>>> print(open('query.pdb').read())   # PDB, C-alpha atoms
ATOM      1  CA  MET A   1       0.000   0.000   0.000  1.00  0.00           C
ATOM      2  CA  THR A   2       1.383   3.405  -0.927  1.00  0.00           C
ATOM      3  CA  THR A   3       1.211   6.515   1.192  1.00  0.00           C
ATOM      4  CA  PRO A   4      -1.008   9.263  -0.256  1.00  0.00           C
ATOM      5  CA  PRO A   5       0.927  12.352  -1.444  1.00  0.00           C
ATOM      6  CA  GLU A   6      -0.850  14.534   1.133  1.00  0.00           C
ATOM      7  CA  SER A   7       0.573  12.390   3.972  1.00  0.00           C
ATOM      8  CA  ARG A   8       4.121  12.711   2.648  1.00  0.00           C
ATOM      9  CA  MET A   9       3.807  16.479   2.224  1.00  0.00           C
ATOM     10  CA  ALA A  10       2.628  17.202   5.777  1.00  0.00           C
ATOM     11  CA  PRO A  11       5.939  16.424   7.529  1.00  0.00           C
ATOM     12  CA  THR A  12       7.825  18.469   4.915  1.00  0.00           C
ATOM     13  CA  LEU A  13       5.468  21.420   5.318  1.00  0.00           C
ATOM     14  CA  THR A  14       5.724  21.209   9.104  1.00  0.00           C
ATOM     15  CA  ARG A  15       9.511  21.010   8.937  1.00  0.00           C
ATOM     16  CA  ARG A  16       9.621  23.920   6.469  1.00  0.00           C
ATOM     17  CA  ALA A  17       7.403  26.030   8.763  1.00  0.00           C
ATOM     18  CA  LEU A  18       9.639  25.236  11.749  1.00  0.00           C
ATOM     19  CA  ALA A  19      12.719  25.962   9.641  1.00  0.00           C
ATOM     20  CA  LEU A  20      11.335  29.334   8.539  1.00  0.00           C
ATOM     21  CA  PHE A  21      10.395  30.312  12.084  1.00  0.00           C
ATOM     22  CA  GLY A  22      13.694  29.077  13.551  1.00  0.00           C
ATOM     23  CA  THR A  23      15.772  30.727  10.856  1.00  0.00           C
ATOM     24  CA  ALA A  24      13.963  34.063  11.270  1.00  0.00           C
ATOM     25  CA  ALA A  25      14.450  33.910  15.040  1.00  0.00           C
ATOM     26  CA  PHE A  26      18.119  32.988  14.659  1.00  0.00           C
ATOM     27  CA  LEU A  27      18.595  35.833  12.145  1.00  0.00           C
ATOM     28  CA  VAL A  28      17.280  38.355  14.657  1.00  0.00           C
ATOM     29  CA  LEU A  29      19.236  36.884  17.575  1.00  0.00           C
ATOM     30  CA  ALA A  30      22.652  36.074  16.109  1.00  0.00           C
ATOM     31  CA  PRO A  31      23.381  38.611  13.348  1.00  0.00           C
ATOM     32  CA  GLY A  32      21.122  41.081  15.138  1.00  0.00           C
ATOM     33  CA  PHE A  33      23.389  40.837  18.154  1.00  0.00           C
ATOM     34  CA  PHE A  34      26.733  40.703  16.327  1.00  0.00           C
ATOM     35  CA  VAL A  35      25.995  43.181  13.511  1.00  0.00           C
ATOM     36  CA  VAL A  36      23.627  45.624  15.192  1.00  0.00           C
ATOM     37  CA  LEU A  37      23.741  45.556  18.991  1.00  0.00           C
ATOM     38  CA  LEU A  38      27.448  44.980  19.684  1.00  0.00           C
ATOM     39  CA  PRO A  39      28.616  47.532  17.074  1.00  0.00           C
ATOM     40  CA  TYR A  40      26.183  50.023  18.555  1.00  0.00           C
ATOM     41  CA  TRP A  41      27.517  49.396  22.069  1.00  0.00           C
ATOM     42  CA  ILE A  42      31.090  49.786  20.810  1.00  0.00           C
ATOM     43  CA  SER A  43      30.662  52.905  18.681  1.00  0.00           C
ATOM     44  CA  ARG A  44      27.252  54.345  19.619  1.00  0.00           C
ATOM     45  CA  TRP A  45      27.188  54.776  15.820  1.00  0.00           C
ATOM     46  CA  ARG A  46      28.875  58.138  16.163  1.00  0.00           C
ATOM     47  CA  ILE A  47      30.576  59.299  13.012  1.00  0.00           C
ATOM     48  CA  GLN A  48      34.211  60.056  13.774  1.00  0.00           C
ATOM     49  CA  PRO A  49      36.711  61.623  11.364  1.00  0.00           C
ATOM     50  CA  PRO A  50      37.469  59.202   8.508  1.00  0.00           C
ATOM     51  CA  LEU A  51      40.226  56.708   9.213  1.00  0.00           C
ATOM     52  CA  LEU A  52      43.580  58.143   8.161  1.00  0.00           C
ATOM     53  CA  ASN A  53      41.590  61.215   7.037  1.00  0.00           C
ATOM     54  CA  PHE A  54      40.763  59.256   3.877  1.00  0.00           C
ATOM     55  CA  MET A  55      37.131  59.925   2.915  1.00  0.00           C
ATOM     56  CA  PRO A  56      36.889  56.984   0.451  1.00  0.00           C
ATOM     57  CA  PHE A  57      36.977  54.675   3.496  1.00  0.00           C
ATOM     58  CA  ARG A  58      33.443  55.877   4.278  1.00  0.00           C
ATOM     59  CA  ILE A  59      32.297  54.936   0.773  1.00  0.00           C
ATOM     60  CA  LEU A  60      33.992  51.540   1.078  1.00  0.00           C
ATOM     61  CA  GLY A  61      32.210  51.075   4.418  1.00  0.00           C
ATOM     62  CA  VAL A  62      28.801  51.742   2.859  1.00  0.00           C
ATOM     63  CA  LEU A  63      29.619  49.346   0.009  1.00  0.00           C
ATOM     64  CA  LEU A  64      30.648  46.583   2.446  1.00  0.00           C
ATOM     65  CA  MET A  65      27.451  47.009   4.463  1.00  0.00           C
ATOM     66  CA  ALA A  66      25.283  47.183   1.339  1.00  0.00           C
ATOM     67  CA  ALA A  67      26.927  44.085  -0.149  1.00  0.00           C
ATOM     68  CA  GLY A  68      26.703  42.107   3.090  1.00  0.00           C
ATOM     69  CA  LEU A  69      22.994  42.536   3.825  1.00  0.00           C
ATOM     70  CA  PRO A  70      21.519  40.769   0.756  1.00  0.00           C
ATOM     71  CA  VAL A  71      24.102  37.994   1.047  1.00  0.00           C
ATOM     72  CA  LEU A  72      23.140  37.468   4.681  1.00  0.00           C
ATOM     73  CA  LEU A  73      19.395  37.442   4.018  1.00  0.00           C
ATOM     74  CA  GLU A  74      19.595  35.185   0.956  1.00  0.00           C
ATOM     75  CA  SER A  75      21.891  32.739   2.714  1.00  0.00           C
ATOM     76  CA  PHE A  76      19.616  32.515   5.737  1.00  0.00           C
ATOM     77  CA  ALA A  77      16.575  31.955   3.505  1.00  0.00           C
ATOM     78  CA  ARG A  78      18.317  29.046   1.767  1.00  0.00           C
ATOM     79  CA  PHE A  79      18.706  27.238   5.087  1.00  0.00           C
ATOM     80  CA  ALA A  80      14.970  27.200   5.663  1.00  0.00           C
ATOM     81  CA  LEU A  81      13.669  26.857   2.117  1.00  0.00           C
ATOM     82  CA  GLN A  82      16.189  24.434   0.636  1.00  0.00           C
ATOM     83  CA  GLY A  83      17.897  22.840   3.590  1.00  0.00           C
ATOM     84  CA  LEU A  84      14.727  22.476   5.666  1.00  0.00           C
ATOM     85  CA  GLY A  85      16.622  23.541   8.762  1.00  0.00           C
ATOM     86  CA  THR A  86      18.274  26.518  10.416  1.00  0.00           C
ATOM     87  CA  PRO A  87      21.820  27.816  10.845  1.00  0.00           C
ATOM     88  CA  ALA A  88      21.487  26.920  14.533  1.00  0.00           C
ATOM     89  CA  PRO A  89      23.074  23.560  15.409  1.00  0.00           C
ATOM     90  CA  ILE A  90      19.939  22.509  17.346  1.00  0.00           C
ATOM     91  CA  PHE A  91      17.862  22.305  14.125  1.00  0.00           C
ATOM     92  CA  PRO A  92      20.361  21.664  11.298  1.00  0.00           C
ATOM     93  CA  THR A  93      19.542  21.350   7.626  1.00  0.00           C
ATOM     94  CA  GLN A  94      18.633  18.028   6.058  1.00  0.00           C
ATOM     95  CA  HIS A  95      20.454  18.920   2.847  1.00  0.00           C
ATOM     96  CA  LEU A  96      23.852  20.440   2.108  1.00  0.00           C
ATOM     97  CA  ILE A  97      23.256  23.942   0.737  1.00  0.00           C
ATOM     98  CA  ILE A  98      25.388  24.550  -2.353  1.00  0.00           C
ATOM     99  CA  LYS A  99      23.323  27.027  -4.387  1.00  0.00           C
ATOM    100  CA  GLY A 100      23.070  30.811  -4.407  1.00  0.00           C
ATOM    101  CA  PHE A 101      25.994  32.512  -2.705  1.00  0.00           C
ATOM    102  CA  TYR A 102      27.159  29.101  -1.469  1.00  0.00           C
ATOM    103  CA  ARG A 103      28.364  28.484  -5.034  1.00  0.00           C
ATOM    104  CA  TYR A 104      30.970  31.231  -4.539  1.00  0.00           C
ATOM    105  CA  VAL A 105      32.066  30.817  -0.926  1.00  0.00           C
ATOM    106  CA  ARG A 106      31.403  28.144   1.706  1.00  0.00           C
ATOM    107  CA  ASN A 107      30.561  30.614   4.468  1.00  0.00           C
ATOM    108  CA  PRO A 108      28.584  33.475   2.918  1.00  0.00           C
ATOM    109  CA  MET A 109      26.748  34.262   6.172  1.00  0.00           C
ATOM    110  CA  TYR A 110      29.968  34.709   8.114  1.00  0.00           C
ATOM    111  CA  VAL A 111      31.565  36.672   5.280  1.00  0.00           C
ATOM    112  CA  ALA A 112      28.487  38.923   5.177  1.00  0.00           C
ATOM    113  CA  VAL A 113      28.460  39.493   8.952  1.00  0.00           C
ATOM    114  CA  VAL A 114      32.162  40.360   9.083  1.00  0.00           C
ATOM    115  CA  SER A 115      31.800  42.525   5.973  1.00  0.00           C
ATOM    116  CA  MET A 116      29.004  44.485   7.613  1.00  0.00           C
ATOM    117  CA  VAL A 117      30.995  44.977  10.817  1.00  0.00           C
ATOM    118  CA  PHE A 118      34.089  46.122   8.914  1.00  0.00           C
ATOM    119  CA  GLY A 119      31.829  48.363   6.838  1.00  0.00           C
ATOM    120  CA  GLN A 120      30.516  50.011   9.989  1.00  0.00           C
ATOM    121  CA  GLY A 121      34.063  50.460  11.261  1.00  0.00           C
ATOM    122  CA  LEU A 122      35.095  52.196   8.041  1.00  0.00           C
ATOM    123  CA  PHE A 123      31.921  54.263   7.762  1.00  0.00           C
ATOM    124  CA  PHE A 124      31.972  55.476  11.359  1.00  0.00           C
ATOM    125  CA  GLY A 125      35.766  55.870  11.434  1.00  0.00           C
ATOM    126  CA  SER A 126      35.934  53.481  14.392  1.00  0.00           C
ATOM    127  CA  VAL A 127      39.138  51.561  15.005  1.00  0.00           C
ATOM    128  CA  SER A 128      37.361  49.776  17.860  1.00  0.00           C
ATOM    129  CA  LEU A 129      34.792  48.368  15.427  1.00  0.00           C
ATOM    130  CA  LEU A 130      37.564  47.209  13.095  1.00  0.00           C
ATOM    131  CA  VAL A 131      39.281  45.441  16.002  1.00  0.00           C
ATOM    132  CA  TYR A 132      35.938  43.885  16.960  1.00  0.00           C
ATOM    133  CA  GLY A 133      35.458  42.797  13.328  1.00  0.00           C
ATOM    134  CA  PHE A 134      38.839  41.088  13.302  1.00  0.00           C
ATOM    135  CA  GLY A 135      38.052  39.372  16.617  1.00  0.00           C
ATOM    136  CA  ALA A 136      34.656  38.252  15.269  1.00  0.00           C
ATOM    137  CA  TRP A 137      36.346  36.808  12.183  1.00  0.00           C
ATOM    138  CA  LEU A 138      38.932  34.993  14.323  1.00  0.00           C
ATOM    139  CA  VAL A 139      36.280  33.423  16.569  1.00  0.00           C
ATOM    140  CA  THR A 140      34.269  32.476  13.483  1.00  0.00           C
ATOM    141  CA  PHE A 141      37.338  30.957  11.832  1.00  0.00           C
ATOM    142  CA  LEU A 142      38.035  28.810  14.886  1.00  0.00           C
ATOM    143  CA  PHE A 143      34.368  27.723  15.103  1.00  0.00           C
ATOM    144  CA  VAL A 144      34.263  26.790  11.418  1.00  0.00           C
ATOM    145  CA  VAL A 145      37.506  24.810  11.501  1.00  0.00           C
ATOM    146  CA  THR A 146      37.041  23.016  14.812  1.00  0.00           C
ATOM    147  CA  TYR A 147      33.287  22.383  14.831  1.00  0.00           C
ATOM    148  CA  GLU A 148      31.337  23.206  11.695  1.00  0.00           C
ATOM    149  CA  GLU A 149      33.519  21.616   9.018  1.00  0.00           C
ATOM    150  CA  PRO A 150      33.979  18.313  10.912  1.00  0.00           C
ATOM    151  CA  VAL A 151      30.206  18.120  11.523  1.00  0.00           C
ATOM    152  CA  LEU A 152      29.455  18.790   7.855  1.00  0.00           C
ATOM    153  CA  HIS A 153      31.958  16.130   6.838  1.00  0.00           C
ATOM    154  CA  ARG A 154      30.368  13.572   9.193  1.00  0.00           C
ATOM    155  CA  THR A 155      26.857  14.512   8.088  1.00  0.00           C
ATOM    156  CA  PHE A 156      27.277  14.830   4.319  1.00  0.00           C
ATOM    157  CA  GLY A 157      30.478  12.845   3.653  1.00  0.00           C
ATOM    158  CA  ALA A 158      31.720  12.787   0.057  1.00  0.00           C
ATOM    159  CA  GLU A 159      29.189  15.411  -1.049  1.00  0.00           C
ATOM    160  CA  TYR A 160      30.690  17.905   1.405  1.00  0.00           C
ATOM    161  CA  ASP A 161      34.260  16.856   0.559  1.00  0.00           C
ATOM    162  CA  THR A 162      33.637  17.578  -3.128  1.00  0.00           C
ATOM    163  CA  TYR A 163      32.058  20.899  -2.280  1.00  0.00           C
ATOM    164  CA  ARG A 164      34.912  21.824   0.065  1.00  0.00           C
ATOM    165  CA  ALA A 165      37.475  20.973  -2.616  1.00  0.00           C
ATOM    166  CA  ASN A 166      35.802  23.312  -5.111  1.00  0.00           C
ATOM    167  CA  VAL A 167      34.538  26.283  -3.108  1.00  0.00           C
ATOM    168  CA  PRO A 168      36.809  28.403  -0.888  1.00  0.00           C
ATOM    169  CA  ARG A 169      36.100  28.977   2.778  1.00  0.00           C
ATOM    170  CA  TRP A 170      36.392  32.799   2.959  1.00  0.00           C
ATOM    171  CA  VAL A 171      37.382  34.495  -0.309  1.00  0.00           C
ATOM    172  CA  PRO A 172      34.651  34.078  -2.936  1.00  0.00           C
ATOM    173  CA  ARG A 173      35.338  32.485  -6.302  1.00  0.00           C
ATOM    174  CA  LEU A 174      35.000  34.778  -9.305  1.00  0.00           C
ATOM    175  CA  THR A 175      32.747  32.291 -11.065  1.00  0.00           C
ATOM    176  CA  PRO A 176      30.066  30.142  -9.444  1.00  0.00           C
ATOM    177  CA  TRP A 177      30.809  26.479  -8.832  1.00  0.00           C
ATOM    178  CA  SER A 178      28.539  24.382 -10.983  1.00  0.00           C
ATOM    179  CA  GLY A 179      28.258  21.366  -8.692  1.00  0.00           C
ATOM    180  CA  THR A 180      24.941  19.650  -8.338  1.00  0.00           C
ATOM    181  CA  GLY A 181      22.710  19.735  -5.284  1.00  0.00           C
ATOM    182  CA  ASN A 182      19.989  21.834  -3.717  1.00  0.00           C
TER     183      ASN A 182
END
>>> encode(input="query.pdb", output="structure tokens")
Amino acid sequence: MTTPPESRMAPTLTRRALALFGTAAFLVLAPGFFVVLLPYWISRWRIQPPLLNFMPFRILGVLLMAAGLPVLLESFARFALQGLGTPAPIFPTQHLIIKGFYRYVRNPMYVAVVSMVFGQGLFFGSVSLLVYGFGAWLVTFLFVVTYEEPVLHRTFGAEYDTYRANVPRWVPRLTPWSGTGN
């Protein structure tokens, strides 16, 4: 006896709804804290003189923030819609995400977050924010290398190994990787 299509769709729809809710909550909590609240506490978002009195740093800061936001939002959405999970380890994806910005860089969310923090540092002329951005990248690097990559390898095996061999961790490729997957 076969299961009716409606019965098979219900668990997927429930999981997708949970993934969307969890991902939205995680987006507000994690990047909201690290990209909005902490930088505000550090700089009070007061515009200081441009770093090294070089006004183009402000423009670069705006560009980094503007580039980071859509990457962050699109990458988060992929977790819920394609991976049927969240970026939070307590509700991980069921599928390895290798589409969208993940075709260019393995960690687009982290790259986006650090980009936005560095952008704020340059825009506001805040050395403290730049130091915070470097510290955030360092902590992220250690988390990715010691926890996230081993978990992805155990979970997705050869599929992740192929992906890892073709897509860089931090510096995006110039052309998208054309591997198969979600």
>>> resolve_selection(input="query.pdb", expression="the PyMOL selection byres ((chain A and resi 159) around 12)", output="mmCIF file with C-alpha atoms, keeping the file's coordinate frame")
data_model
loop_
_atom_site.group_PDB
_atom_site.id
_atom_site.type_symbol
_atom_site.label_atom_id
_atom_site.label_comp_id
_atom_site.auth_asym_id
_atom_site.auth_seq_id
_atom_site.Cartn_x
_atom_site.Cartn_y
_atom_site.Cartn_z
ATOM 1 C CA HIS A 95 20.454 18.920 2.847
ATOM 2 C CA LEU A 96 23.852 20.440 2.108
ATOM 3 C CA ILE A 97 23.256 23.942 0.737
ATOM 4 C CA ILE A 98 25.388 24.550 -2.353
ATOM 5 C CA LEU A 152 29.455 18.790 7.855
ATOM 6 C CA HIS A 153 31.958 16.130 6.838
ATOM 7 C CA ARG A 154 30.368 13.572 9.193
ATOM 8 C CA THR A 155 26.857 14.512 8.088
ATOM 9 C CA PHE A 156 27.277 14.830 4.319
ATOM 10 C CA GLY A 157 30.478 12.845 3.653
ATOM 11 C CA ALA A 158 31.720 12.787 0.057
ATOM 12 C CA TYR A 160 30.690 17.905 1.405
ATOM 13 C CA ASP A 161 34.260 16.856 0.559
ATOM 14 C CA THR A 162 33.637 17.578 -3.128
ATOM 15 C CA TYR A 163 32.058 20.899 -2.280
ATOM 16 C CA ARG A 164 34.912 21.824 0.065
ATOM 17 C CA ALA A 165 37.475 20.973 -2.616
ATOM 18 C CA ASN A 166 35.802 23.312 -5.111
ATOM 19 C CA GLY A 179 28.258 21.366 -8.692
ATOM 20 C CA THR A 180 24.941 19.650 -8.338
ATOM 21 C CA GLY A 181 22.710 19.735 -5.284
ATOM 22 C CA ASN A 182 19.989 21.834 -3.717
#
>>> atom_distance(input="query.pdb", atom1="CA of Leu72 (chain A)", atom2="CA of Phe54 (chain A)")
28.0 Å
>>> atom_distance(input="query.pdb", atom1="CA of Leu51 (chain A)", atom2="CA of Ala66 (chain A)")
19.4 Å
>>> closest_residue(input="query.pdb", among="A:Gly61, A:Gly133, A:Pro150, A:Pro87", to="Leu38 (chain A)", atoms="all atoms listed in the file")
A:Gly133
>>> closest_residue(input="query.pdb", among="A:Leu129, A:Val167, A:Leu60, A:Ala136", to="Ser43 (chain A)", atoms="all atoms listed in the file")
A:Leu129
>>> residues_around(input="query.pdb", residues="Pro176 (chain A)", least_positions_apart="4", cutoff="10 Å", atoms="only C-alpha atoms", output="number ranges by chain")
A: 99-105, 166-167, 172
>>> atom_distance(input="query.pdb", atom1="CA of Phe91 (chain A)", atom2="CA of Leu27 (chain A)")
13.7 Å
>>> axis_aligned_box(input="query.pdb", around="region 148-159 of chain A", padding_each_side="4 Å", output="AutoDock Vina command-line options")
--center_x 30.4 --center_y 18.0 --center_z 5.3 --size_x 15.1 --size_y 18.4 --size_z 20.7
>>> resolve_selection(input="query.pdb", expression="the PyMOL selection byres ((chain A and resi 45) around 10)", output="PDB file with C-alpha atoms, in the frame of the given file")
ATOM      1  CA  VAL A  36      23.627  45.624  15.192  1.00  0.00           C
ATOM      2  CA  PRO A  39      28.616  47.532  17.074  1.00  0.00           C
ATOM      3  CA  TYR A  40      26.183  50.023  18.555  1.00  0.00           C
ATOM      4  CA  TRP A  41      27.517  49.396  22.069  1.00  0.00           C
ATOM      5  CA  ILE A  42      31.090  49.786  20.810  1.00  0.00           C
ATOM      6  CA  SER A  43      30.662  52.905  18.681  1.00  0.00           C
ATOM      7  CA  ARG A  44      27.252  54.345  19.619  1.00  0.00           C
ATOM      8  CA  ARG A  46      28.875  58.138  16.163  1.00  0.00           C
ATOM      9  CA  ILE A  47      30.576  59.299  13.012  1.00  0.00           C
ATOM     10  CA  GLN A  48      34.211  60.056  13.774  1.00  0.00           C
ATOM     11  CA  GLN A 120      30.516  50.011   9.989  1.00  0.00           C
ATOM     12  CA  GLY A 121      34.063  50.460  11.261  1.00  0.00           C
ATOM     13  CA  PHE A 123      31.921  54.263   7.762  1.00  0.00           C
ATOM     14  CA  PHE A 124      31.972  55.476  11.359  1.00  0.00           C
ATOM     15  CA  GLY A 125      35.766  55.870  11.434  1.00  0.00           C
ATOM     16  CA  SER A 126      35.934  53.481  14.392  1.00  0.00           C
ATOM     17  CA  LEU A 129      34.792  48.368  15.427  1.00  0.00           C
TER      18      LEU A 129
END
>>> closest_residue(input="query.pdb", among="A:Leu37, A:Val131, A:Val62, A:Ala80", to="Arg15 (chain A)", atoms="only C-alpha atoms")
A:Ala80
>>> residues_near_point(input="query.pdb", point="(26.3, 39.9, 13.8)", cutoff="12 Å", atoms="all atoms listed in the file", output="PyMOL selection string")
chain A and resi 26-40+65+68-69+72+109-118+120+132-133+136-137+140
>>> closest_residue(input="query.pdb", among="A:Leu138, A:Leu13, A:Trp170, A:Val127", to="Pro49 (chain A)", atoms="all atoms listed in the file")
A:Val127
>>> closest_residue(input="query.pdb", among="A:Met55, A:Ala17, A:Ala67, A:Val139", to="Thr86 (chain A)", atoms="all atoms listed in the file")
A:Ala17
>>> closest_residue(input="query.pdb", among="A:Gln82, A:Ala88, A:Val71, A:Leu52", to="Ala24 (chain A)", atoms="only C-alpha atoms")
A:Ala88
>>> residues_around(input="query.pdb", residues="Gln94 (chain A)", least_positions_apart="4", cutoff="8 Å", atoms="only C-alpha atoms", output="PyMOL selection string")
chain A and resi 83-85
